[in-house]
>>> print(open('entry18.pdb').read())   # PDB, C-alpha atoms, pLDDT in the B column
ATOM      1  CA  MET K   1      -6.373  91.732  87.315  1.00 92.00           C
ATOM      2  CA  LYS K   2      -3.848  94.075  88.878  1.00 86.00           C
ATOM      3  CA  HIS K   3      -2.736  95.052  85.386  1.00 88.00           C
ATOM      4  CA  LEU K   4      -6.357  95.908  84.536  1.00 90.00           C
ATOM      5  CA  VAL K   5      -6.598  98.164  87.586  1.00 90.00           C
ATOM      6  CA  GLN K   6      -3.400  99.979  86.689  1.00 94.00           C
ATOM      7  CA  ARG K   7      -4.372 100.319  83.034  1.00 91.00           C
ATOM      8  CA  GLN K   8      -7.754 101.829  83.880  1.00 90.00           C
ATOM      9  CA  LEU K   9      -6.243 104.244  86.374  1.00 91.00           C
ATOM     10  CA  ALA K  10      -3.652 105.317  83.827  1.00 92.00           C
ATOM     11  CA  GLN K  11      -6.398 105.898  81.249  1.00 93.00           C
ATOM     12  CA  SER K  12      -8.405 107.961  83.710  1.00 92.00           C
ATOM     13  CA  ILE K  13      -5.364 110.045  84.639  1.00 94.00           C
ATOM     14  CA  ALA K  14      -4.502 110.588  80.969  1.00 95.00           C
ATOM     15  CA  THR K  15      -8.001 111.947  80.316  1.00 95.00           C
ATOM     16  CA  MET K  16      -7.779 114.273  83.304  1.00 96.00           C
ATOM     17  CA  GLN K  17      -4.363 115.469  82.144  1.00 97.00           C
ATOM     18  CA  ALA K  18      -5.834 116.256  78.723  1.00 96.00           C
ATOM     19  CA  VAL K  19      -8.592 118.238  80.444  1.00 96.00           C
ATOM     20  CA  LEU K  20      -5.988 120.092  82.503  1.00 96.00           C
ATOM     21  CA  ALA K  21      -3.965 120.929  79.381  1.00 97.00           C
ATOM     22  CA  ASP K  22      -6.988 122.354  77.560  1.00 96.00           C
ATOM     23  CA  GLU K  23      -7.142 125.989  78.696  1.00 96.00           C
ATOM     24  CA  THR K  24     -10.450 126.448  76.872  1.00 97.00           C
ATOM     25  CA  ILE K  25     -12.070 124.122  79.391  1.00 97.00           C
ATOM     26  CA  SER K  26     -10.682 126.080  82.349  1.00 97.00           C
ATOM     27  CA  ASP K  27     -11.691 129.408  80.813  1.00 98.00           C
ATOM     28  CA  THR K  28     -15.204 128.185  80.065  1.00 98.00           C
ATOM     29  CA  LEU K  29     -15.606 126.781  83.568  1.00 98.00           C
ATOM     30  CA  VAL K  30     -14.749 130.153  85.083  1.00 98.00           C
ATOM     31  CA  THR K  31     -17.121 131.920  82.677  1.00 98.00           C
ATOM     32  CA  ILE K  32     -20.106 129.678  83.407  1.00 98.00           C
ATOM     33  CA  ALA K  33     -19.443 129.835  87.156  1.00 98.00           C
ATOM     34  CA  GLU K  34     -19.554 133.634  87.083  1.00 97.00           C
ATOM     35  CA  LEU K  35     -22.681 133.539  84.907  1.00 98.00           C
ATOM     36  CA  THR K  36     -24.369 131.127  87.308  1.00 98.00           C
ATOM     37  CA  ALA K  37     -23.394 133.138  90.379  1.00 97.00           C
ATOM     38  CA  ARG K  38     -24.859 136.291  88.840  1.00 97.00           C
ATOM     39  CA  ALA K  39     -28.060 134.462  87.939  1.00 98.00           C
ATOM     40  CA  MET K  40     -28.444 133.078  91.454  1.00 97.00           C
ATOM     41  CA  HIS K  41     -27.688 136.471  92.993  1.00 95.00           C
ATOM     42  CA  SER K  42     -30.518 137.991  90.966  1.00 96.00           C
ATOM     43  CA  GLY K  43     -33.005 135.368  92.142  1.00 97.00           C
ATOM     44  CA  HIS K  44     -32.678 132.866  89.312  1.00 98.00           C
ATOM     45  CA  LYS K  45     -31.688 129.230  89.483  1.00 98.00           C
ATOM     46  CA  LEU K  46     -29.594 126.461  87.956  1.00 98.00           C
ATOM     47  CA  LEU K  47     -31.526 123.553  86.403  1.00 98.00           C
ATOM     48  CA  VAL K  48     -29.575 120.363  85.694  1.00 98.00           C
ATOM     49  CA  ALA K  49     -30.428 117.177  83.772  1.00 98.00           C
ATOM     50  CA  GLY K  50     -28.775 114.032  82.481  1.00 98.00           C
ATOM     51  CA  ASN K  51     -29.388 110.309  81.949  1.00 98.00           C
ATOM     52  CA  GLY K  52     -27.996 107.309  83.793  1.00 97.00           C
ATOM     53  CA  GLY K  53     -24.661 108.197  85.353  1.00 96.00           C
ATOM     54  CA  SER K  54     -25.202 111.768  84.214  1.00 98.00           C
ATOM     55  CA  ALA K  55     -28.519 111.807  86.092  1.00 98.00           C
ATOM     56  CA  ALA K  56     -26.586 110.846  89.202  1.00 98.00           C
ATOM     57  CA  ASP K  57     -24.160 113.674  88.399  1.00 98.00           C
ATOM     58  CA  ALA K  58     -27.046 116.131  88.099  1.00 98.00           C
ATOM     59  CA  GLN K  59     -28.355 115.147  91.519  1.00 98.00           C
ATOM     60  CA  HIS K  60     -24.879 115.105  93.042  1.00 98.00           C
ATOM     61  CA  LEU K  61     -24.072 118.585  91.736  1.00 98.00           C
ATOM     62  CA  VAL K  62     -27.389 120.056  92.863  1.00 98.00           C
ATOM     63  CA  ALA K  63     -26.906 118.571  96.340  1.00 98.00           C
ATOM     64  CA  GLU K  64     -23.577 120.393  96.582  1.00 97.00           C
ATOM     65  CA  PHE K  65     -25.224 123.700  95.660  1.00 98.00           C
ATOM     66  CA  VAL K  66     -28.250 123.363  97.917  1.00 98.00           C
ATOM     67  CA  VAL K  67     -26.533 121.826 100.943  1.00 97.00           C
ATOM     68  CA  ARG K  68     -22.771 122.415 100.939  1.00 93.00           C
ATOM     69  CA  LEU K  69     -19.569 121.521  99.153  1.00 92.00           C
ATOM     70  CA  THR K  70     -16.754 122.017 101.659  1.00 84.00           C
ATOM     71  CA  VAL K  71     -17.943 124.522 104.277  1.00 84.00           C
ATOM     72  CA  ASN K  72     -21.219 125.838 105.646  1.00 90.00           C
ATOM     73  CA  ARG K  73     -22.715 128.764 103.715  1.00 92.00           C
ATOM     74  CA  PRO K  74     -26.166 129.906 102.554  1.00 94.00           C
ATOM     75  CA  ALA K  75     -27.983 127.532 100.209  1.00 96.00           C
ATOM     76  CA  LEU K  76     -27.704 128.206  96.485  1.00 97.00           C
ATOM     77  CA  ARG K  77     -30.665 127.835  94.095  1.00 97.00           C
ATOM     78  CA  ALA K  78     -30.392 124.650  92.024  1.00 98.00           C
ATOM     79  CA  VAL K  79     -32.828 121.962  90.864  1.00 98.00           C
ATOM     80  CA  ALA K  80     -32.170 118.499  89.424  1.00 98.00           C
ATOM     81  CA  LEU K  81     -34.770 117.554  86.802  1.00 98.00           C
ATOM     82  CA  THR K  82     -34.013 113.859  87.335  1.00 98.00           C
ATOM     83  CA  THR K  83     -35.592 113.209  90.717  1.00 97.00           C
ATOM     84  CA  ASP K  84     -39.403 113.409  90.574  1.00 97.00           C
ATOM     85  CA  THR K  85     -40.515 109.926  89.551  1.00 97.00           C
ATOM     86  CA  SER K  86     -44.147 110.952  89.107  1.00 98.00           C
ATOM     87  CA  ILE K  87     -43.229 113.702  86.640  1.00 98.00           C
ATOM     88  CA  LEU K  88     -40.645 111.557  84.854  1.00 98.00           C
ATOM     89  CA  THR K  89     -42.996 108.609  84.404  1.00 98.00           C
ATOM     90  CA  ALA K  90     -46.027 110.731  83.504  1.00 98.00           C
ATOM     91  CA  ALA K  91     -44.103 112.732  80.896  1.00 98.00           C
ATOM     92  CA  GLY K  92     -42.464 109.568  79.583  1.00 98.00           C
ATOM     93  CA  ASN K  93     -45.773 107.732  79.374  1.00 98.00           C
ATOM     94  CA  ASP K  94     -47.881 110.571  77.950  1.00 98.00           C
ATOM     95  CA  PHE K  95     -45.409 112.364  75.695  1.00 97.00           C
ATOM     96  CA  GLY K  96     -42.406 110.045  75.357  1.00 98.00           C
ATOM     97  CA  PHE K  97     -39.061 109.728  77.124  1.00 98.00           C
ATOM     98  CA  ASP K  98     -37.544 112.409  74.902  1.00 98.00           C
ATOM     99  CA  HIS K  99     -39.748 115.003  76.647  1.00 98.00           C
ATOM    100  CA  ILE K 100     -39.066 114.250  80.320  1.00 98.00           C
ATOM    101  CA  PHE K 101     -36.788 117.270  80.796  1.00 98.00           C
ATOM    102  CA  SER K 102     -38.254 119.726  78.289  1.00 98.00           C
ATOM    103  CA  ARG K 103     -41.666 119.402  79.933  1.00 98.00           C
ATOM    104  CA  GLN K 104     -40.169 120.309  83.303  1.00 98.00           C
ATOM    105  CA  LEU K 105     -38.370 123.292  81.803  1.00 98.00           C
ATOM    106  CA  GLU K 106     -41.711 124.526  80.460  1.00 98.00           C
ATOM    107  CA  ALA K 107     -43.100 124.380  84.005  1.00 97.00           C
ATOM    108  CA  LEU K 108     -40.122 125.527  86.068  1.00 97.00           C
ATOM    109  CA  GLY K 109     -37.834 127.487  83.774  1.00 98.00           C
ATOM    110  CA  GLN K 110     -37.861 131.279  83.654  1.00 97.00           C
ATOM    111  CA  PRO K 111     -35.893 133.795  81.612  1.00 98.00           C
ATOM    112  CA  GLY K 112     -32.612 134.411  83.398  1.00 97.00           C
ATOM    113  CA  ASP K 113     -32.261 130.826  84.660  1.00 98.00           C
ATOM    114  CA  ILE K 114     -29.381 128.555  83.650  1.00 98.00           C
ATOM    115  CA  PHE K 115     -29.822 125.062  82.188  1.00 98.00           C
ATOM    116  CA  LEU K 116     -26.948 122.587  82.384  1.00 98.00           C
ATOM    117  CA  GLY K 117     -27.353 119.504  80.210  1.00 98.00           C
ATOM    118  CA  ILE K 118     -25.008 116.582  80.870  1.00 98.00           C
ATOM    119  CA  SER K 119     -24.493 113.917  78.202  1.00 98.00           C
ATOM    120  CA  THR K 120     -21.332 111.896  77.614  1.00 97.00           C
ATOM    121  CA  SER K 121     -22.194 111.479  73.926  1.00 97.00           C
ATOM    122  CA  GLY K 122     -23.774 114.882  73.467  1.00 97.00           C
ATOM    123  CA  ASN K 123     -26.617 113.169  71.615  1.00 98.00           C
ATOM    124  CA  SER K 124     -29.188 112.409  74.329  1.00 98.00           C
ATOM    125  CA  LYS K 125     -32.516 113.246  72.708  1.00 98.00           C
ATOM    126  CA  ASN K 126     -34.174 114.435  75.890  1.00 98.00           C
ATOM    127  CA  ILE K 127     -31.282 116.807  76.576  1.00 98.00           C
ATOM    128  CA  VAL K 128     -31.401 118.111  73.000  1.00 98.00           C
ATOM    129  CA  LYS K 129     -35.156 118.781  73.292  1.00 98.00           C
ATOM    130  CA  ALA K 130     -34.630 120.483  76.635  1.00 98.00           C
ATOM    131  CA  LEU K 131     -32.013 122.754  75.073  1.00 98.00           C
ATOM    132  CA  HIS K 132     -34.476 123.797  72.366  1.00 98.00           C
ATOM    133  CA  VAL K 133     -37.091 124.665  74.995  1.00 98.00           C
ATOM    134  CA  ALA K 134     -34.539 126.538  77.093  1.00 98.00           C
ATOM    135  CA  LYS K 135     -33.671 128.691  74.078  1.00 96.00           C
ATOM    136  CA  LYS K 136     -37.343 129.545  73.538  1.00 97.00           C
ATOM    137  CA  ILE K 137     -37.786 130.553  77.174  1.00 97.00           C
ATOM    138  CA  GLY K 138     -34.637 132.659  77.347  1.00 97.00           C
ATOM    139  CA  ILE K 139     -32.581 130.382  79.557  1.00 98.00           C
ATOM    140  CA  ALA K 140     -28.797 130.350  79.135  1.00 98.00           C
ATOM    141  CA  THR K 141     -27.578 126.882  78.169  1.00 98.00           C
ATOM    142  CA  ILE K 142     -24.457 124.959  79.177  1.00 98.00           C
ATOM    143  CA  GLY K 143     -23.410 121.623  77.734  1.00 98.00           C
ATOM    144  CA  LEU K 144     -21.168 119.151  79.534  1.00 98.00           C
ATOM    145  CA  SER K 145     -20.301 116.384  77.097  1.00 98.00           C
ATOM    146  CA  GLY K 146     -17.555 114.244  75.567  1.00 97.00           C
ATOM    147  CA  ASN K 147     -16.513 112.959  72.153  1.00 94.00           C
ATOM    148  CA  ASP K 148     -17.077 115.899  69.766  1.00 95.00           C
ATOM    149  CA  GLY K 149     -19.945 117.444  71.738  1.00 97.00           C
ATOM    150  CA  GLY K 150     -22.585 115.764  69.597  1.00 97.00           C
ATOM    151  CA  LEU K 151     -25.937 117.257  68.632  1.00 98.00           C
ATOM    152  CA  MET K 152     -26.136 119.405  71.741  1.00 98.00           C
ATOM    153  CA  ARG K 153     -22.957 121.367  71.019  1.00 97.00           C
ATOM    154  CA  PRO K 154     -24.443 123.946  68.611  1.00 97.00           C
ATOM    155  CA  LEU K 155     -27.466 124.364  70.899  1.00 98.00           C
ATOM    156  CA  CYS K 156     -25.426 125.412  73.919  1.00 98.00           C
ATOM    157  CA  ASP K 157     -24.268 128.918  74.709  1.00 98.00           C
ATOM    158  CA  TYR K 158     -21.288 127.385  76.509  1.00 98.00           C
ATOM    159  CA  ASN K 159     -19.694 123.981  76.012  1.00 98.00           C
ATOM    160  CA  ILE K 160     -17.250 121.889  77.971  1.00 98.00           C
ATOM    161  CA  VAL K 161     -16.300 118.866  75.888  1.00 98.00           C
ATOM    162  CA  ILE K 162     -14.108 116.202  77.486  1.00 98.00           C
ATOM    163  CA  PRO K 163     -11.470 115.016  74.983  1.00 96.00           C
ATOM    164  CA  SER K 164     -12.360 111.329  75.237  1.00 96.00           C
ATOM    165  CA  ALA K 165     -14.697 108.769  73.689  1.00 95.00           C
ATOM    166  CA  VAL K 166     -14.672 106.490  76.750  1.00 96.00           C
ATOM    167  CA  THR K 167     -17.844 106.943  78.798  1.00 96.00           C
ATOM    168  CA  MET K 168     -16.359 106.177  82.210  1.00 96.00           C
ATOM    169  CA  ASN K 169     -13.456 108.565  81.683  1.00 96.00           C
ATOM    170  CA  ILE K 170     -15.766 111.314  80.464  1.00 97.00           C
ATOM    171  CA  GLN K 171     -17.937 110.856  83.564  1.00 97.00           C
ATOM    172  CA  GLU K 172     -14.916 110.928  85.873  1.00 97.00           C
ATOM    173  CA  SER K 173     -13.806 114.225  84.368  1.00 97.00           C
ATOM    174  CA  HIS K 174     -17.351 115.587  84.492  1.00 98.00           C
ATOM    175  CA  LEU K 175     -17.564 114.959  88.225  1.00 97.00           C
ATOM    176  CA  ALA K 176     -14.233 116.654  88.914  1.00 97.00           C
ATOM    177  CA  LEU K 177     -15.285 119.704  86.897  1.00 98.00           C
ATOM    178  CA  GLU K 178     -18.728 119.781  88.527  1.00 98.00           C
ATOM    179  CA  HIS K 179     -17.113 120.048  91.953  1.00 97.00           C
ATOM    180  CA  ILE K 180     -14.833 122.844  90.754  1.00 97.00           C
ATOM    181  CA  PHE K 181     -17.811 124.559  89.109  1.00 98.00           C
ATOM    182  CA  CYS K 182     -19.652 124.626  92.444  1.00 97.00           C
ATOM    183  CA  MET K 183     -16.535 125.872  94.230  1.00 95.00           C
ATOM    184  CA  LEU K 184     -16.109 128.703  91.727  1.00 96.00           C
ATOM    185  CA  VAL K 185     -19.759 129.729  92.066  1.00 97.00           C
ATOM    186  CA  GLU K 186     -19.201 129.899  95.815  1.00 95.00           C
ATOM    187  CA  ARG K 187     -16.179 132.151  95.299  1.00 93.00           C
ATOM    188  CA  PHE K 188     -18.044 134.461  92.911  1.00 94.00           C
ATOM    189  CA  THR K 189     -21.022 134.582  95.285  1.00 94.00           C
ATOM    190  CA  PHE K 190     -19.324 134.956  98.649  1.00 90.00           C
ATOM    191  CA  GLY K 191     -16.037 136.591  97.624  1.00 83.00           C
ATOM    192  CA  PRO K 192     -12.567 135.434  96.560  1.00 74.00           C
ATOM    193  CA  ASP K 193     -11.494 134.925 100.184  1.00 73.00           C
ATOM    194  CA  PHE K 194     -14.348 132.515 100.856  1.00 70.00           C
ATOM    195  CA  ASP K 195     -12.892 129.649 102.876  1.00 62.00           C
ATOM    196  CA  THR K 196     -13.144 126.470 100.810  1.00 49.00           C
ATOM    197  CA  LYS K 197     -10.605 124.479 102.810  1.00 52.00           C
ATOM    198  CA  PRO K 198     -11.986 120.918 102.834  1.00 45.00           C
ATOM    199  CA  GLN K 199     -13.340 119.628 106.108  1.00 43.00           C
ATOM    200  CA  ILE K 200     -13.571 115.958 106.983  1.00 37.00           C
ATOM    201  CA  LEU K 201     -17.165 115.239 107.938  1.00 38.00           C
ATOM    202  CA  SER K 202     -19.195 112.058 108.079  1.00 41.00           C
ATOM    203  CA  GLU K 203     -22.179 111.879 105.736  1.00 43.00           C
TER     204      GLU K 203
END
>>> encode(input="entry18.pdb", output="structure tokens")
Amino acid sequence: MKHLVQRQLAQSIATMQAVLADETISDTLVTIAELTARAMHSGHKLLVAGNGGSAADAQHLVAEFVVRLTVNRPALRAVALTTDTSILTAAGNDFGFDHIFSRQLEALGQPGDIFLGISTSGNSKNIVKALHVAKKIGIATIGLSGNDGGLMRPLCDYNIVIPSAVTMNIQESHLALEHIFCMLVERFTFGPDFDTKPQILSE
């Protein structure tokens, strides 16, 4: 069992090292953070969606934007499309599960907003449909995926593709990048000297 623990940790670290070595990922992360900061500054918002573990990521990331990441600062506009059970079940029941996010984008999305779709495979049908709707509305699209980026890759204005086919390792890298994404948006919004020194607080 100890060997299993060590093997899994080594695999996770190897994936993160591959992410670190890929300068395209770092460059894209900076670009989308600046884009998002500008959108929020002009009164627009970040909309985030995903399924399963990626739904948890969407909610986690939005909580960091709305509440705080490391220090107190003004709230930042972000919405997770994974949280309203009445909307999710009504859209799923009436139109099909593939439409649970696209329907919300039709209601909440506005030109100038940002949509971030999270899918480890890049092939989640409801994310793909949401990307199509975002394009029609005039919403900039970001894809956070793994493998080869899947069906969502050509639909996204910006892509971050984790170089792995292992779901858990892709998700681990996604979460690390999501935290950095939020931190960068803070820096672009509040200035490069914004204090992001971590504080130890109970939750």
>>> resolve_selection(input="entry18.pdb", expression="the PyMOL selection byres ((chain K and resi 106) around 12)", output="PDB file with C-alpha atoms, in the coordinates of the input")
ATOM      1  CA  LEU K  47     -31.526 123.553  86.403  1.00 98.00           C
ATOM      2  CA  LEU K  81     -34.770 117.554  86.802  1.00 98.00           C
ATOM      3  CA  HIS K  99     -39.748 115.003  76.647  1.00 98.00           C
ATOM      4  CA  ILE K 100     -39.066 114.250  80.320  1.00 98.00           C
ATOM      5  CA  PHE K 101     -36.788 117.270  80.796  1.00 98.00           C
ATOM      6  CA  SER K 102     -38.254 119.726  78.289  1.00 98.00           C
ATOM      7  CA  ARG K 103     -41.666 119.402  79.933  1.00 98.00           C
ATOM      8  CA  GLN K 104     -40.169 120.309  83.303  1.00 98.00           C
ATOM      9  CA  LEU K 105     -38.370 123.292  81.803  1.00 98.00           C
ATOM     10  CA  ALA K 107     -43.100 124.380  84.005  1.00 97.00           C
ATOM     11  CA  LEU K 108     -40.122 125.527  86.068  1.00 97.00           C
ATOM     12  CA  GLY K 109     -37.834 127.487  83.774  1.00 98.00           C
ATOM     13  CA  GLN K 110     -37.861 131.279  83.654  1.00 97.00           C
ATOM     14  CA  PRO K 111     -35.893 133.795  81.612  1.00 98.00           C
ATOM     15  CA  LYS K 129     -35.156 118.781  73.292  1.00 98.00           C
ATOM     16  CA  ALA K 130     -34.630 120.483  76.635  1.00 98.00           C
ATOM     17  CA  LEU K 131     -32.013 122.754  75.073  1.00 98.00           C
ATOM     18  CA  HIS K 132     -34.476 123.797  72.366  1.00 98.00           C
ATOM     19  CA  VAL K 133     -37.091 124.665  74.995  1.00 98.00           C
ATOM     20  CA  ALA K 134     -34.539 126.538  77.093  1.00 98.00           C
ATOM     21  CA  LYS K 135     -33.671 128.691  74.078  1.00 96.00           C
ATOM     22  CA  LYS K 136     -37.343 129.545  73.538  1.00 97.00           C
ATOM     23  CA  ILE K 137     -37.786 130.553  77.174  1.00 97.00           C
ATOM     24  CA  GLY K 138     -34.637 132.659  77.347  1.00 97.00           C
ATOM     25  CA  ILE K 139     -32.581 130.382  79.557  1.00 98.00           C
TER      26      ILE K 139
END
>>> closest_residue(input="entry18.pdb", among="K:Lys125, K:Val161, K:Cys182, K:Ala140", to="Val67 of chain K", atoms="all atoms listed in the file")
K:Cys182
>>> residues_near_point(input="entry18.pdb", point="(-30.2, 132.7, 88.1)", cutoff="10 Å", atoms="all atoms listed in the file", output="list in words")
Leu35, Thr36, Ala37, Arg38, Ala39, Met40, His41, Ser42, Gly43, His44, Lys45, Leu46, Leu47, Leu76, Arg77, Ala78, Gln110, Pro111, Gly112, Asp113, Ile114, Phe115, Ile139 and Ala140 of chain K
>>> residues_around(input="entry18.pdb", residues="Val66 of chain K", least_positions_apart="3", cutoff="10 Å", atoms="all atoms listed in the file", output="PyMOL selection string")
chain K and resi 61-63+69+73-79
>>> closest_residue(input="entry18.pdb", among="K:Leu88, K:Val19, K:Ala49, K:Ala165", to="Gly117 of chain K", atoms="all atoms listed in the file")
K:Ala49
>>> atom_distance(input="entry18.pdb", atom1="atom CA of Gln17 of chain K", atom2="atom CA of Leu116 of chain K")
23.7 Å
>>> closest_residue(input="entry18.pdb", among="K:Leu29, K:Val48, K:Leu184, K:Met168", to="His60 of chain K", atoms="all atoms listed in the file")
K:Val48
>>> closest_residue(input="entry18.pdb", among="K:Leu151, K:Ala80, K:Gly92, K:His3", to="Phe65 of chain K", atoms="only C-alpha atoms")
K:Ala80
>>> atom_distance(input="entry18.pdb", atom1="atom CA of Thr15 of chain K", atom2="atom CA of Thr82 of chain K")
27.0 Å
>>> atom_distance(input="entry18.pdb", atom1="atom CA of Ile142 of chain K", atom2="atom CA of Ile118 of chain K")
8.6 Å
>>> resolve_selection(input="entry18.pdb", expression="the PyMOL selection byres ((chain K and resi 175) around 10)", output="ChimeraX atom specification")
/K:54,56-58,60-61,170-174,176-181
>>> residues_near_point(input="entry18.pdb", point="(-22.9, 117.6, 69.1)", cutoff="10 Å", atoms="only C-alpha atoms", output="ChimeraX atom specification")
/K:119,121-124,128,143,145-156,159,161
